[in-house]
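Enquirer: Sharing a structure, written as structure tokens. Questions coming.
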Amino acid sequence: MIDSITLENFRCFLERQSARLAPLTLLVGENSTGKTSFLAAINAVARFANEPGSNFEFKSGPFDLGTFYEIAHHRGGRGGRATSFKLGASGKAKSTGQNWHLEAEFGQSQSNPAIKKLDTAVGSSSVVWESKEKGVEVHTQTPKGCWKIERGAKENERSIIRSHDVVFRSFRKDFVPQNDSLTMSDEDFSELYSMSWILARMIGGLPVALAPVRSRPQRTYDPGRTDLNHAGEDIPAELAELALHNPAKWQELKKKMEEFGHSSGMFDEIRVRQYGKRGNEPFQIQVRKHGGNLKGPWRNLIDVGYGVSQILPLLAVFFEASKPSLFLLQQPEVHLHPSAQAALGSTLCQIAGRQTQAIVETHSDFLADRIRTVVRDKHSSLKPKDVSILFFERRHLAVCIHSLEIDEQGNVMNAPSGYRQFFMDELKNTLGI
């Protein structure tokens, strides 16, 4: 789990600042104050830490931060653009209790960001990788000793990218460094454990990021790919696959989705209507409402409110048995009426916790207020410390992040004056005042 993110000269964030992340973190603030960029930064860190040998990826859907020119902060006027930017994160492993940390400094390589320096640490072991004119240097410190690894300028690009993953041989029980400087062959280098692999165990897996607007409903679906994507286009096919081939799991998921549908007032039942018994047959997603003891007619997903089709991808990944450990959500309340937004707040409190972290960009006071009342009334396992509210406040050409907490009564503590005004303005816009 990620406990904090540090940014410097990154997009609209000029001054070095850190923001506290919790099992459930809300990102609030006006439009164009960097909330999506903040989610993209978390996405880049989590993917880097979970894909050994990878570089930082700033164009992974649904985020696309562009080239170095779009990412490095521009001070305006004669201030110009920053020549580098920094991105860092820290946390604590649930399994071992070890603290972990990483921070990368990026420069420009052609038009793309390139790592100039990378500082990573797990427990009492650390490695600092730094690009030099004549190659790269890797300085390591472990309980077994400290030493330096030098890589020459003749290294190809792939080897240089891989070198930032070095944790060093200290994780091999039979290795003890004999001197302070080691020159390593490619064969030796390939045997080293990677810091990315170890950090992956700390963070807990790749994130799932969902865009603010999901795919449009269709009257009839054809079976297709079931790989998760940020628009939720895979969800109908996944539901049909479960209903046809794993009815027990489908019934479990269906029950949870219907509980949300009932509490939100959106629907009471959901089903997959299949036009055959084989996996390649067309199918429909249908819902219906109850009126007292009466059950209404089944209606096609395309014939009911747009909000139903927008919430289904969220519910499917929320209630999946093997749900991911990190959700990055952009305005999940889009197209939901206030009672459904509040119900979504309750659901977020249910899924967030020790095993799952949810970081949510929202403009909904109803969602935020429900989360505060759920914690206050102890209707979930979340404690006040398990909720973080990050308020993004514009200051001229830069943005300041305020890390806010809630108390036992659900009150937001130490909120700046602009925080409540933001939600008042949002409510006025909603009511057309």
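Within each chain, counting starts at residue 1; across the structure tokens, chains are named A, B, ... in the order shown, with ligands numbered 1 upward in that order.
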If we count only C-alpha atoms, what is near A:Phe106 at a cut-off of 12 Å, once residues fewer than 3 positions away on the same chain are taken out, given as a count of residues only?
Expert: 32
Enquirer: Which parts of stretch 342-430 of chain A does DSSP call alpha helix (DSSP H) when run on the backbone here, written out as a count of residues only?
Expert: 36
Enquirer: Just want the 10 Å neighbourhood of A:Asn414, counted on only C-alpha atoms, with same-chain residues fewer than 3 positions away dropped. Output as a list in words.
Expert: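 Those residues are His402, Ser403, Leu404, Glu405, Ile406, Asn411, Ser417 and Tyr419 of chain A.
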Enquirer: Would you mind reading off the distance between atom CA of A:Val272 and atom CA of A:Gln284, one decimal, in Å?
Expert: 5.9 Å
Enquirer: Can you tell me how far atom CA of A:Gly79 sits from atom CA of A:Leu27, in Å to one decimal?
Expert: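 About the pair atom CA of A:Gly79 and atom CA of A:Leu27: they are 28.7 Å apart.
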Enquirer: Give me the residues near A:Arg216 as an mmCIF file with N, CA and C atoms, in the first residue's frame, where near means some atom within 9 Å (using only C-alpha atoms) and where sequence neighbours in that chain fewer than 3 positions away do not count.
Expert:
```
data_model
loop_
_atom_site.group_PDB
_atom_site.id
_atom_site.type_symbol
_atom_site.label_atom_id
_atom_site.label_comp_id
_atom_site.auth_asym_id
_atom_site.auth_seq_id
_atom_site.Cartn_x
_atom_site.Cartn_y
_atom_site.Cartn_z
ATOM 1 N N VAL A 213 -15.916 8.530 -17.765
ATOM 2 C CA VAL A 213 -17.047 8.146 -18.612
ATOM 3 C C VAL A 213 -16.764 6.756 -19.165
ATOM 4 N N GLU A 233 -15.418 -1.548 -21.254
ATOM 5 C CA GLU A 233 -16.008 -2.212 -22.409
ATOM 6 C C GLU A 233 -16.026 -3.730 -22.262
ATOM 7 N N ILE A 302 -30.019 -0.311 -22.332
ATOM 8 C CA ILE A 302 -30.035 0.916 -23.116
ATOM 9 C C ILE A 302 -31.330 1.700 -22.941
ATOM 10 N N TYR A 306 -28.954 6.379 -18.024
ATOM 11 C CA TYR A 306 -27.568 6.199 -18.431
ATOM 12 C C TYR A 306 -26.677 5.847 -17.247
ATOM 13 N N SER A 309 -25.677 2.015 -16.723
ATOM 14 C CA SER A 309 -24.569 1.466 -17.512
ATOM 15 C C SER A 309 -23.229 2.015 -17.051
ATOM 16 N N GLN A 310 -23.234 3.207 -16.463
ATOM 17 C CA GLN A 310 -21.981 3.798 -16.004
ATOM 18 C C GLN A 310 -21.510 3.204 -14.686
#
```
Enquirer: Take atom CA of A:Ala41 and atom CA of A:Ser18 and report the distance between them in Å, one decimal.
Expert: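 Interatomic distance, atom CA of A:Ala41 to atom CA of A:Ser18: 12.3 Å.
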Enquirer: Which residues are near stretch 322-330 of chain A? Cut-off 8 Å, only C-alpha atoms, ignore same chain within fewer than 2 positions. Put them as a list in words.
Expert: Met1, Thr36, Leu39, Asn43, Gly204, Gly205, Leu206, Pro207, Val208, Ala209, Leu210, Ala211, Pro212, Val317, Phe318, Phe319, Glu320, Pro332, Gln355, Thr356, Gln357, Ala358, Ile359, Val360, Glu361 and Thr362 of chain A
Enquirer: Restricting it to N, CA, C and O atoms, dump the selection as a short mmCIF file (atom, residue, chain, number, x, y, z; two decimals), in the first residue's frame.
Expert:
```
data_model
loop_
_atom_site.label_atom_id
_atom_site.label_comp_id
_atom_site.auth_asym_id
_atom_site.auth_seq_id
_atom_site.Cartn_x
_atom_site.Cartn_y
_atom_site.Cartn_z
N MET A 1 0.84 -1.19 0.00
CA MET A 1 0.00 0.00 0.00
C MET A 1 0.88 1.24 0.00
O MET A 1 1.92 1.28 0.64
N THR A 36 -6.18 14.78 -11.90
CA THR A 36 -5.92 13.69 -12.84
C THR A 36 -4.42 13.45 -12.98
O THR A 36 -3.96 12.30 -13.07
N LEU A 39 -3.36 11.37 -10.07
CA LEU A 39 -3.68 9.96 -10.27
C LEU A 39 -2.70 9.32 -11.25
O LEU A 39 -2.27 8.17 -11.06
N ASN A 43 -0.30 6.09 -10.73
CA ASN A 43 -0.33 5.00 -11.69
C ASN A 43 1.07 4.68 -12.20
O ASN A 43 1.46 3.51 -12.31
N GLY A 204 1.55 -4.41 -3.80
CA GLY A 204 0.51 -5.42 -3.86
C GLY A 204 -0.14 -5.64 -5.20
O GLY A 204 -1.16 -6.30 -5.28
N GLY A 205 0.38 -5.14 -6.29
CA GLY A 205 -0.17 -5.45 -7.59
C GLY A 205 -0.40 -4.23 -8.45
O GLY A 205 -0.31 -3.09 -8.00
N LEU A 206 -0.70 -4.49 -9.71
CA LEU A 206 -0.95 -3.42 -10.66
C LEU A 206 -2.26 -2.71 -10.33
O LEU A 206 -3.23 -3.33 -9.90
N PRO A 207 -2.33 -1.39 -10.57
CA PRO A 207 -3.56 -0.67 -10.29
C PRO A 207 -4.60 -0.90 -11.38
O PRO A 207 -4.28 -1.25 -12.51
N VAL A 208 -5.86 -0.70 -11.00
CA VAL A 208 -6.95 -0.65 -11.97
C VAL A 208 -7.44 0.79 -12.02
O VAL A 208 -7.86 1.34 -11.00
N ALA A 209 -7.35 1.40 -13.19
CA ALA A 209 -7.75 2.80 -13.36
C ALA A 209 -8.96 2.86 -14.28
O ALA A 209 -8.93 2.28 -15.37
N LEU A 210 -10.00 3.52 -13.83
CA LEU A 210 -11.22 3.65 -14.62
C LEU A 210 -11.48 5.11 -14.95
O LEU A 210 -11.39 5.98 -14.08
N ALA A 211 -11.82 5.37 -16.20
CA ALA A 211 -12.06 6.73 -16.68
C ALA A 211 -13.40 7.25 -16.15
O ALA A 211 -14.26 6.47 -15.73
N PRO A 212 -13.61 8.58 -16.18
CA PRO A 212 -14.85 9.15 -15.66
C PRO A 212 -16.07 8.80 -16.48
O PRO A 212 -17.19 8.79 -15.95
N VAL A 317 -15.93 -4.62 -10.88
CA VAL A 317 -14.56 -4.74 -10.39
C VAL A 317 -14.51 -4.59 -8.87
O VAL A 317 -13.65 -5.20 -8.21
N PHE A 318 -15.44 -3.83 -8.28
CA PHE A 318 -15.47 -3.69 -6.82
C PHE A 318 -15.74 -5.04 -6.15
O PHE A 318 -15.11 -5.38 -5.14
N PHE A 319 -16.70 -5.79 -6.69
CA PHE A 319 -17.18 -7.00 -6.02
C PHE A 319 -16.58 -8.27 -6.57
O PHE A 319 -16.95 -9.37 -6.17
N GLU A 320 -15.64 -8.14 -7.50
CA GLU A 320 -14.96 -9.33 -8.02
C GLU A 320 -14.17 -10.00 -6.91
O GLU A 320 -13.54 -9.33 -6.08
N PRO A 332 -16.25 8.79 -10.26
CA PRO A 332 -17.13 7.63 -10.43
C PRO A 332 -18.61 7.98 -10.32
O PRO A 332 -19.47 7.19 -10.71
N GLN A 355 -6.59 -4.61 2.58
CA GLN A 355 -6.16 -5.29 1.37
C GLN A 355 -6.38 -4.48 0.10
O GLN A 355 -5.81 -4.80 -0.94
N THR A 356 -7.21 -3.46 0.17
CA THR A 356 -7.57 -2.69 -1.03
C THR A 356 -7.49 -1.21 -0.74
O THR A 356 -8.01 -0.72 0.26
N GLN A 357 -6.84 -0.49 -1.64
CA GLN A 357 -6.70 0.96 -1.54
C GLN A 357 -7.46 1.61 -2.69
O GLN A 357 -7.31 1.21 -3.84
N ALA A 358 -8.30 2.59 -2.37
CA ALA A 358 -9.07 3.30 -3.39
C ALA A 358 -8.73 4.78 -3.33
O ALA A 358 -8.84 5.41 -2.28
N ILE A 359 -8.30 5.33 -4.46
CA ILE A 359 -7.98 6.75 -4.57
C ILE A 359 -8.95 7.34 -5.59
O ILE A 359 -8.95 6.94 -6.76
N VAL A 360 -9.79 8.27 -5.13
CA VAL A 360 -10.98 8.66 -5.89
C VAL A 360 -10.99 10.17 -6.12
O VAL A 360 -11.02 10.95 -5.15
N GLU A 361 -10.99 10.58 -7.37
CA GLU A 361 -11.23 11.98 -7.73
C GLU A 361 -12.74 12.19 -7.78
O GLU A 361 -13.45 11.48 -8.49
N THR A 362 -13.24 13.18 -7.03
CA THR A 362 -14.69 13.37 -6.98
C THR A 362 -15.05 14.85 -6.89
O THR A 362 -14.30 15.65 -6.34
#
```
Enquirer: A:Leu367: which residues within 12 Å, counting only C-alpha atoms, same-chain residues fewer than 5 positions away excluded, as number ranges by chain?
Expert: A: 26-28, 264, 331-334, 336-349, 360-362, 372-374, 423
Enquirer: Identify, on the basis of only C-alpha atoms, every residue whose closest approach to A:Gly410 does not exceed 10 Å; exclude the query and any residue fewer than 6 positions from it along the same chain; express the result as a PyMOL selection string.
Expert: chain A and resi 369-377+384
Enquirer: Apply DSSP to the backbone of this structure and, from stretch 206-361 of chain A, keep only the residues in strand (DSSP E or B); write these as a VMD selection string.
Expert: chain A and resid 208 to 210 221 269 to 274 283 to 288 290 to 291 294 to 295 299 to 300 326 to 330 357 to 361
Enquirer: Limited to C-alpha atoms, could you put the picked residues into a file as a PDB file, in the first residue's frame?
Expert:
```pdb
ATOM      1  CA  VAL A 208      -6.953  -0.650 -11.971  1.00  0.00           C
ATOM      2  CA  ALA A 209      -7.747   2.799 -13.360  1.00  0.00           C
ATOM      3  CA  LEU A 210     -11.222   3.650 -14.621  1.00  0.00           C
ATOM      4  CA  TYR A 221     -23.736  -7.532 -27.125  1.00  0.00           C
ATOM      5  CA  GLU A 269     -32.600  -7.066 -10.172  1.00  0.00           C
ATOM      6  CA  ILE A 270     -30.088  -7.620 -12.945  1.00  0.00           C
ATOM      7  CA  ARG A 271     -29.715 -10.506 -15.372  1.00  0.00           C
ATOM      8  CA  VAL A 272     -27.860 -11.632 -18.458  1.00  0.00           C
ATOM      9  CA  ARG A 273     -30.318 -12.723 -21.135  1.00  0.00           C
ATOM     10  CA  GLN A 274     -28.503 -15.067 -23.468  1.00  0.00           C
ATOM     11  CA  PHE A 283     -26.680 -11.548 -25.178  1.00  0.00           C
ATOM     12  CA  GLN A 284     -28.358  -8.612 -23.447  1.00  0.00           C
ATOM     13  CA  ILE A 285     -27.933  -7.009 -20.012  1.00  0.00           C
ATOM     14  CA  GLN A 286     -31.308  -6.303 -18.422  1.00  0.00           C
ATOM     15  CA  VAL A 287     -32.508  -4.780 -15.135  1.00  0.00           C
ATOM     16  CA  ARG A 288     -35.833  -4.247 -13.449  1.00  0.00           C
ATOM     17  CA  HIS A 290     -39.802  -3.465  -7.912  1.00  0.00           C
ATOM     18  CA  GLY A 291     -42.861  -1.546  -6.776  1.00  0.00           C
ATOM     19  CA  LEU A 294     -44.860  -6.125  -7.570  1.00  0.00           C
ATOM     20  CA  LYS A 295     -41.974  -6.718  -9.921  1.00  0.00           C
ATOM     21  CA  ARG A 299     -35.742  -3.551 -19.369  1.00  0.00           C
ATOM     22  CA  ASN A 300     -32.737  -3.480 -21.622  1.00  0.00           C
ATOM     23  CA  LEU A 326      -5.320  -0.433  -5.897  1.00  0.00           C
ATOM     24  CA  PHE A 327      -8.174   1.464  -7.573  1.00  0.00           C
ATOM     25  CA  LEU A 328      -7.647   4.812  -9.291  1.00  0.00           C
ATOM     26  CA  LEU A 329     -11.075   6.300 -10.017  1.00  0.00           C
ATOM     27  CA  GLN A 330     -11.961   9.485 -11.871  1.00  0.00           C
ATOM     28  CA  GLN A 357      -6.699   0.960  -1.538  1.00  0.00           C
ATOM     29  CA  ALA A 358      -9.071   3.300  -3.388  1.00  0.00           C
ATOM     30  CA  ILE A 359      -7.983   6.755  -4.568  1.00  0.00           C
ATOM     31  CA  VAL A 360     -10.976   8.665  -5.886  1.00  0.00           C
ATOM     32  CA  GLU A 361     -11.228  11.975  -7.725  1.00  0.00           C
TER      33      GLU A 361
END
```
